[in-house]
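So the structure is just underneath, and the comments pick up after that.
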Amino acid sequence: MNSRPCIAVLGGTGKEGSGLALRWARVGFPIVIGSRDPERARHTAERLRGTVPGAELIGLSNAEAAAQGEVVVVAVPYEGHASILQSLRDILAHKLIIDVVVPLDPSNPRRYAPPPDGSATAEAQRILGPETPVVGAFHNISHLHLHNLDEIPDCDVLVVGDHREAKARVIALAEAIGFTAYDAGPLANASIVEGLTAVLIGLNIRYKGHGAGIRITGISKPAFPTHKTKDL
Ligand SMILES: NC(=O)c1ccc[n+]([C@@H]2O[C@H](COP(=O)([O-])OP(=O)(O)OC[C@H]3O[C@@H](n4cnc5c(N)ncnc54)[C@H](OP(=O)(O)O)[C@@H]3O)[C@@H](O)[C@H]2O)c1
């Protein structure tokens with residue numbers, strides 16, 4: 001039996017969610033792809049199993065995926081962020097939520113467009129309530145790096161939120177798939193981390209880059225720490 005926690009990915013049919021799913025599936029996490037259309041979720045799961053044969057990877061509706069996941073990743077465009085969280089609020093209660101959503105100006109993706117709560121992560125925490133830990137992470141990781149499984153990602157993950165233990169779990173989950181991840185502070189810092197994504201998109205456009213990322217320097221942290229399953 002798999003002792004690793006099941007990870008559900010809402011919007012897991014998309015670029016970022018399916019990339020994270022692929023990476024975690026490859027190292028043995030059971031994955032549930034969520035979608036507004038269960039058939040689309042099943043197709044995505046089948047496609048990803050083709051890349052990682054033997055992976056525990058299935059596709060369901062977002063609600064069914066949220067119910068099955070111990071850890072739930074929110075990977076939908078910002079337009080659907082508040083409504084999916086509101087509709088699944090009861091199902092998500094007390095689970096570990098990883099929010100990767102970046103609110104961008106729809107007419108200019110180089111511009112961060114924070115919601116009234118200050119950030120998407122803060123919006124999620126308000127909607128779900130303080131008993132459900134929300135951690136912002138992976139905002140600065142382009143899907144391009146996630147889908148190429150031969151690539152060792154040359155970028156770091158910044159993790160934000162007000163729940164310390166939850167952040168430690170997310171750092172362990174990021175490091176399980178080869179990233180170096182850092183506790184980047186409280187929920188109040190989420191706007192900075194999310195906003196960096198708009199900066200990176202602007203750099204990609206200006207300098208014709210592909211998947212610009214960030215690296216933290218000046219801190220000595222092992223590149224590939226090994227985590228025991230209990231940490232995850
Ligand atoms: N792409 C990246 O490199 C990247 C990097 C960092 C962070 N992010 C963030 O990750 C999130 C997902 O990005 P993405 O590029 O993966 O987006 P995407 O491919 O356009 O969409 C992801 C999935 O969300 C679902 N979706 C679309 N509109 C929705 C709505 N209004 N309500 C609920 N679900 C909806 C769709 O799945 P179904 O139709 O199957 O339901 C879609 O496959 C975004 O918030 C983005 O800012 C992306």
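Here's how to read the names in the structure tokens: chain A, B, ... by the order shown, residue numbers from 1 in each chain, ligand numbers from 1 in the order shown.
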
Which residues are close to region 98-110 of chain A, i.e. within 6 Å by only C-alpha atoms, leaving aside same-chain residues fewer than 6 positions away? Reply as a PyMOL selection string. chain A and resi 73-75+78+134-139+194+198+201-202

Preceding selection exported with N, CA and C atoms as a short mmCIF file (atom, residue, chain, number, x, y, z; two decimals), in the first residue's frame:
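Result file follows (selection-v3.cif):
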data_model
loop_
_atom_site.label_atom_id
_atom_site.label_comp_id
_atom_site.auth_asym_id
_atom_site.auth_seq_id
_atom_site.Cartn_x
_atom_site.Cartn_y
_atom_site.Cartn_z
N VAL A 73 -4.07 20.68 -4.54
CA VAL A 73 -3.40 21.77 -5.26
C VAL A 73 -4.46 22.51 -6.07
N VAL A 74 -4.46 23.83 -5.96
CA VAL A 74 -5.41 24.65 -6.74
C VAL A 74 -4.64 25.23 -7.92
N ALA A 75 -4.96 24.75 -9.12
CA ALA A 75 -4.20 25.13 -10.32
C ALA A 75 -5.14 25.53 -11.45
N TYR A 78 -6.97 32.40 -12.56
CA TYR A 78 -7.51 33.21 -11.47
C TYR A 78 -9.03 33.43 -11.61
N VAL A 134 -3.65 27.09 4.10
CA VAL A 134 -3.39 27.38 2.69
C VAL A 134 -1.93 27.83 2.56
N VAL A 135 -1.23 27.21 1.64
CA VAL A 135 0.17 27.55 1.40
C VAL A 135 0.31 27.94 -0.07
N GLY A 136 0.92 29.09 -0.31
CA GLY A 136 1.21 29.50 -1.69
C GLY A 136 2.57 28.97 -2.10
N ALA A 137 2.65 28.36 -3.28
CA ALA A 137 3.94 27.79 -3.75
C ALA A 137 3.89 27.54 -5.25
N PHE A 138 5.05 27.36 -5.85
CA PHE A 138 5.22 27.00 -7.27
C PHE A 138 4.80 28.11 -8.25
N HIS A 139 4.48 29.30 -7.73
CA HIS A 139 4.04 30.38 -8.63
C HIS A 139 5.12 30.72 -9.66
N GLU A 194 3.72 35.90 -5.70
CA GLU A 194 2.84 35.81 -6.88
C GLU A 194 3.25 36.87 -7.91
N ALA A 198 4.69 37.73 -12.63
CA ALA A 198 4.46 38.73 -13.69
C ALA A 198 5.81 39.28 -14.17
N ILE A 201 7.33 36.62 -16.42
CA ILE A 201 6.65 36.58 -17.74
C ILE A 201 7.15 37.75 -18.58
N GLY A 202 7.28 38.91 -17.96
CA GLY A 202 7.80 40.08 -18.68
C GLY A 202 9.22 39.83 -19.18
#

Within 6 Å of ligand 1, counting only C-alpha atoms and all ligand atoms, residues as a PyMOL selection string: chain A and resi 11+13-17+35-37+40+75-80+100-102+138-143

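Taking only region 11-154 of chain A, the residues that DSSP calls strand (DSSP E or B) from the backbone come to Ile31, Val32, Ile33, Gly34, Ser35, Leu57, Ile58, Gly59, Leu60, Ser61, Val71, Val72, Val73, Val74, Leu96, Ile97, Ile98, Asp99, Leu104, Asp105, Asn108, Pro109, Arg110, Arg111, Tyr112, Val134, Val135 and Gly136 of chain A.
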
Region 65-95 of chain A: which residues are alpha helix (DSSP H) by DSSP, as a list in words? Ala65, Ala66, Ala67, Gln68, His81, Ala82, Ser83, Ile84, Leu85, Gln86, Ser87, Arg89, Asp90, Ile91 and Leu92 of chain A

Residues at most 10 Å from Val157 (chain A), counting only C-alpha atoms, excluding those fewer than 4 positions away in the same chain, as a PDB file with N, CA, C and O atoms, in the first residue's frame?
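Final file, around09.pdb:
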ATOM      1  N   GLY A 136       0.922  29.088  -0.314  1.00  0.00           N
ATOM      2  CA  GLY A 136       1.205  29.502  -1.687  1.00  0.00           C
ATOM      3  C   GLY A 136       2.572  28.966  -2.096  1.00  0.00           C
ATOM      4  O   GLY A 136       3.537  29.088  -1.343  1.00  0.00           O
ATOM      5  N   ALA A 137       2.652  28.355  -3.282  1.00  0.00           N
ATOM      6  CA  ALA A 137       3.937  27.794  -3.749  1.00  0.00           C
ATOM      7  C   ALA A 137       3.889  27.542  -5.249  1.00  0.00           C
ATOM      8  O   ALA A 137       2.806  27.516  -5.840  1.00  0.00           O
ATOM      9  N   PHE A 138       5.050  27.357  -5.846  1.00  0.00           N
ATOM     10  CA  PHE A 138       5.219  27.001  -7.268  1.00  0.00           C
ATOM     11  C   PHE A 138       4.804  28.106  -8.246  1.00  0.00           C
ATOM     12  O   PHE A 138       4.766  27.876  -9.451  1.00  0.00           O
ATOM     13  N   HIS A 139       4.477  29.298  -7.728  1.00  0.00           N
ATOM     14  CA  HIS A 139       4.042  30.384  -8.628  1.00  0.00           C
ATOM     15  C   HIS A 139       5.116  30.724  -9.659  1.00  0.00           C
ATOM     16  O   HIS A 139       4.807  31.156 -10.760  1.00  0.00           O
ATOM     17  N   ASN A 140       6.374  30.561  -9.262  1.00  0.00           N
ATOM     18  CA  ASN A 140       7.476  31.024 -10.110  1.00  0.00           C
ATOM     19  C   ASN A 140       8.078  29.893 -10.953  1.00  0.00           C
ATOM     20  O   ASN A 140       9.152  30.051 -11.532  1.00  0.00           O
ATOM     21  N   ILE A 141       7.386  28.744 -10.985  1.00  0.00           N
ATOM     22  CA  ILE A 141       7.899  27.602 -11.757  1.00  0.00           C
ATOM     23  C   ILE A 141       7.063  27.438 -13.020  1.00  0.00           C
ATOM     24  O   ILE A 141       5.878  27.087 -12.964  1.00  0.00           O
ATOM     25  N   VAL A 170       4.897  21.436   2.591  1.00  0.00           N
ATOM     26  CA  VAL A 170       4.961  21.825   1.174  1.00  0.00           C
ATOM     27  C   VAL A 170       6.424  21.905   0.711  1.00  0.00           C
ATOM     28  O   VAL A 170       6.759  21.511  -0.412  1.00  0.00           O
ATOM     29  N   ILE A 171       7.282  22.375   1.590  1.00  0.00           N
ATOM     30  CA  ILE A 171       8.719  22.392   1.256  1.00  0.00           C
ATOM     31  C   ILE A 171       9.188  20.955   0.992  1.00  0.00           C
ATOM     32  O   ILE A 171       9.875  20.677   0.004  1.00  0.00           O
ATOM     33  N   ALA A 174       7.925  19.834  -2.364  1.00  0.00           N
ATOM     34  CA  ALA A 174       8.681  20.452  -3.470  1.00  0.00           C
ATOM     35  C   ALA A 174      10.047  19.786  -3.605  1.00  0.00           C
ATOM     36  O   ALA A 174      10.524  19.527  -4.720  1.00  0.00           O
ATOM     37  N   GLU A 175      10.659  19.489  -2.473  1.00  0.00           N
ATOM     38  CA  GLU A 175      11.994  18.892  -2.520  1.00  0.00           C
ATOM     39  C   GLU A 175      11.924  17.433  -2.975  1.00  0.00           C
ATOM     40  O   GLU A 175      12.872  16.923  -3.576  1.00  0.00           O
ATOM     41  N   PHE A 179      13.168  20.180  -6.324  1.00  0.00           N
ATOM     42  CA  PHE A 179      13.385  21.619  -6.144  1.00  0.00           C
ATOM     43  C   PHE A 179      14.058  21.889  -4.807  1.00  0.00           C
ATOM     44  O   PHE A 179      13.932  21.114  -3.862  1.00  0.00           O
ATOM     45  N   THR A 180      14.743  23.026  -4.738  1.00  0.00           N
ATOM     46  CA  THR A 180      15.097  23.580  -3.440  1.00  0.00           C
ATOM     47  C   THR A 180      13.994  24.574  -3.111  1.00  0.00           C
ATOM     48  O   THR A 180      13.644  25.425  -3.942  1.00  0.00           O
ATOM     49  N   ALA A 181      13.411  24.424  -1.937  1.00  0.00           N
ATOM     50  CA  ALA A 181      12.268  25.262  -1.570  1.00  0.00           C
ATOM     51  C   ALA A 181      12.564  25.993  -0.272  1.00  0.00           C
ATOM     52  O   ALA A 181      13.229  25.456   0.622  1.00  0.00           O
ATOM     53  N   TYR A 182      12.066  27.206  -0.188  1.00  0.00           N
ATOM     54  CA  TYR A 182      12.351  28.078   0.954  1.00  0.00           C
ATOM     55  C   TYR A 182      11.059  28.594   1.572  1.00  0.00           C
ATOM     56  O   TYR A 182      10.115  28.941   0.845  1.00  0.00           O
ATOM     57  N   ASP A 183      11.062  28.684   2.890  1.00  0.00           N
ATOM     58  CA  ASP A 183       9.979  29.377   3.595  1.00  0.00           C
ATOM     59  C   ASP A 183      10.184  30.867   3.357  1.00  0.00           C
ATOM     60  O   ASP A 183      11.126  31.476   3.871  1.00  0.00           O
ATOM     61  N   ALA A 184       9.301  31.457   2.558  1.00  0.00           N
ATOM     62  CA  ALA A 184       9.454  32.871   2.183  1.00  0.00           C
ATOM     63  C   ALA A 184       8.592  33.789   3.046  1.00  0.00           C
ATOM     64  O   ALA A 184       8.367  34.947   2.683  1.00  0.00           O
ATOM     65  N   VAL A 193       5.490  37.097  -3.871  1.00  0.00           N
ATOM     66  CA  VAL A 193       5.873  35.866  -4.580  1.00  0.00           C
ATOM     67  C   VAL A 193       5.016  35.685  -5.829  1.00  0.00           C
ATOM     68  O   VAL A 193       5.529  35.381  -6.919  1.00  0.00           O
ATOM     69  N   GLY A 213      13.123  31.692 -14.306  1.00  0.00           N
ATOM     70  CA  GLY A 213      12.838  31.329 -12.920  1.00  0.00           C
ATOM     71  C   GLY A 213      13.732  32.116 -11.985  1.00  0.00           C
ATOM     72  O   GLY A 213      14.478  32.992 -12.418  1.00  0.00           O
ATOM     73  N   ILE A 214      13.654  31.807 -10.711  1.00  0.00           N
ATOM     74  CA  ILE A 214      14.515  32.506  -9.756  1.00  0.00           C
ATOM     75  C   ILE A 214      15.358  31.489  -8.970  1.00  0.00           C
ATOM     76  O   ILE A 214      14.959  30.345  -8.789  1.00  0.00           O
ATOM     77  N   ARG A 215      16.520  31.963  -8.542  1.00  0.00           N
ATOM     78  CA  ARG A 215      17.383  31.185  -7.667  1.00  0.00           C
ATOM     79  C   ARG A 215      17.715  32.055  -6.447  1.00  0.00           C
ATOM     80  O   ARG A 215      18.018  33.237  -6.594  1.00  0.00           O
ATOM     81  N   ILE A 216      17.660  31.479  -5.272  1.00  0.00           N
ATOM     82  CA  ILE A 216      18.067  32.177  -4.059  1.00  0.00           C
ATOM     83  C   ILE A 216      19.552  31.901  -3.847  1.00  0.00           C
ATOM     84  O   ILE A 216      19.971  30.733  -3.864  1.00  0.00           O
TER      85      ILE A 216
END

Compile the contact shell of Asp150 (chain A) as an MDAnalysis selection string: residues with an atom at most 12 Å away, counting only C-alpha atoms, same-chain residues fewer than 4 positions apart removed. chainID A and resid 23 26 51 144:146 178

Write a file of the just-selected residues containing C-alpha atoms, as a PDB file, in the first residue's frame.
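The resulting file, part_26.pdb, is shown below:
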ATOM      1  CA  ARG A  23       6.466  15.110 -11.231  1.00  0.00           C
ATOM      2  CA  ARG A  26       6.972   9.865 -10.974  1.00  0.00           C
ATOM      3  CA  THR A  51       4.638   9.124 -19.564  1.00  0.00           C
ATOM      4  CA  LEU A 144       7.814  24.031 -19.228  1.00  0.00           C
ATOM      5  CA  HIS A 145      10.206  22.845 -16.523  1.00  0.00           C
ATOM      6  CA  LEU A 146       7.690  20.447 -15.029  1.00  0.00           C
ATOM      7  CA  GLY A 178      13.884  17.976  -7.055  1.00  0.00           C
TER       8      GLY A 178
END

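Between CA of Val160 (chain A) and CA of Leu187 (chain A) the separation is 5.6 Å.
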
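Taking CA of Thr197 (chain A) as the reference point, CA of Thr217 (chain A) is found at 18.4 Å.
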